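J.: Mind having a look at this structure? Questions to follow.
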Amino acid sequence: MTTETMKTELTRLEKGFESFQENQEARLLMLEKKMGARPVSMVPEEGGVVATRDAPTTRKAFANFLRGAGAVKSLTAGDTPGSYLLPAVVQERIERALDESQTFRQIARHMTISSGSVEVIVDRDLPSVGWTSEVAERTETDPGQLARIKIDLHELYAKPKITQKILDDAAINVEDWIVDKVSQKMKQIEEQAFIVGDGEGKPRGFLTYEMGDVARFGRLQHIKTGEDGGFGEHGTDALFRLVDSLKTEYLSQAVWMMSRSALSAIRQLKDPATGQYLWQPSLSDHAPSTLMGYPVYVSDAMPALKKGTASASVAFGHFGEGYQIVERPQISMLRDPYSSKPFVEFYVSKRVGGDVINFEAIKVLKCEA
């Protein structure tokens with residue numbers, strides 16, 4: 001084969017390859033117009049995150065599932081028949097929204113489990129110890145007592161709905177809508193259960209336990225202000241006594257938890273010794289205000305302070321030591337276009353539980369005569 005012939009063949013092959021590439025790009029553009037533009041996914045890279053045009057299969061399948069179009073074979077089936085587990089990135093967004101917006105989750109202890117319950121071993125009474133000399137007789141000491149607390153998981157759900165017409169609108173980011181609606185509803189229900197839940201089909205709240213002058217297993221210690229629904233003449237003394245009642249080992253991580261109405265009343269209290277207000281505003285947007293030097297967290301799930309009505313509107317302690325939250329990491333979703341026509345309902349569920357595990361780490365201030 002001569003040199004001229006080889007050049008001619010190479011030129012023909014190059015033109016054929018360019019024509020094939022152009023045809024493939026045209027077909028790809030046509031498919032994108034029919035199915036919508038491919039969503040951008042984020043791929044980790046050294047020094048940051050880089051956007052690519054190749055969306056993960058599960059993310060695309062989830063979008064199709066939300067809109068009721070296409071197969072969802074790449075999604076994992078959930079616990080509820082007909083449901084699917086949300087993609088990991090969507091679950092992380094919901095969990096992050098719950099952690100950031102829910103007060104109690106910020107201060108309590110977390111545990112992730114794969115079963116339907118967990119048993120926590122705690123000390124009811126510590127073993128006794130004693131001093132002895134070199135030749136003295138060593139008598140037997142009390143070994144102490146261990147207790148087993150079983151925390152069951154309960155199903156928490158949200159059921160937002162939207163019309164199919166809106167779902168079909170490509171301009172609507174359905175994923176963002178699901179995350180906002182679900183996290184908004186779940187955070188309100190969770191917070192209430194962790195504080196005042198009765199434990200029947202939901203976590204048990206710490207305020208539902210018996211209270212007395214002394215803390216013991218199954219009972220929280222409380223301090224009374226001397227006035228129903230108020231702090232009375234000795235309200236400041238009650239706050240000091242509440243702080244003093246907590247063991248030194250828990251004080252370094254101790255925080256206040258109270259209702260908005262209780263905070264409004266506390267902001268008016270002054271230290272009788274110095275004349276300064278006990279409550280101090282935060283100097284930063286990222287740090288909470290303080291009461292007697294300890295951070296203050298406000299929750300609408302705490303009982304409101306009402307004049308003439310006894311209430312447990314303020315709590316103080318190391319909640320990370322005293323309260324345990326357990327949950328399964330998976331969040332599942334069931335799409336229901338039939339029950340509430342013309343709306344499409346999304347049944348989103350997760351399993352979560354919670355209970356007190358250390359009754360000495362949490363103290364309660366009762367606005368009571």
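Chains: A, B, ... in order of the structure tokens. Residues: from 1 per chain. Ligands: from 1, in order shown.
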Need the shell around range 362-365 of chain A: protein/DNA/RNA residues with any atom at most 8 Å away, counting only C-alpha atoms. Skip same-chain ones fewer than 6 positions apart. Format as a ChimeraX atom specification?
T.: /A:220-225,238-239,242,245-246,312-319,322
J.: Using only C-alpha atoms, which residues sit within 6 Å of Phe346 in chain A once same-chain residues fewer than 5 positions away are excluded, as a VMD selection string?
T.: chain A and resid 159 to 160 334 to 335
J.: From the options A:Val196, A:Ile189, A:Val344, A:Val352, which residue's atoms come nearest to Tyr209 in chain A, counting only C-alpha atoms?
T.: A:Val196
J.: Looking at only C-alpha atoms, which of A:Ala369, A:Met302, A:Ile331, A:Ile266 is the one that sits closest to Ala193 in chain A?
T.: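 Ranked by minimum distance to Ala193 in chain A, first place goes to A:Met302.
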J.: Within 6 Å of range 107-115 of chain A, counting only C-alpha atoms, which residues show up once you throw out same-chain ones fewer than 2 positions away? Write them as a list in words, please.
T.: Phe104, Arg105, Ser117, Phe319, Gly320, Tyr323, Gln324, Ile325, Val326, Glu327 and Arg328 of chain A
J.: Using only C-alpha atoms for the distances, tell me which of A:Leu283, A:Val243, A:Leu269, A:Met333 is nearest to Val182 in chain A.
T.: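 Ranked by minimum distance to Val182 in chain A, first place goes to A:Met333.
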J.: If you run DSSP on this backbone, which residues of range 82-301 of chain A come out as alpha helix (DSSP H), and could you give them as an NGL selection string?
T.: :A and (88-101 or 103-107 or 164-168 or 174-196 or 235-245 or 248-251 or 260-266)
J.: Expressed in Å to a single decimal, how great is the separation between CA of Pro203 in chain A and CA of Val179 in chain A?
T.: 22.8 Å
J.: Which is closest to Arg148 in chain A among A:Glu119, A:Thr248, A:Asp168, A:Glu175, if we use only C-alpha atoms?
T.: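 The closest residue to Arg148 in chain A is A:Glu119.
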J.: With a distance cut-off of 10 Å and only C-alpha atoms, select the neighbouring residues of Ala304 in chain A, excluding the residue or stretch itself and same-chain residues fewer than 2 positions from it, and output the selection as a VMD selection string.
T.: chain A and resid 229 258 to 263 299 to 302 306 to 307 309 to 314
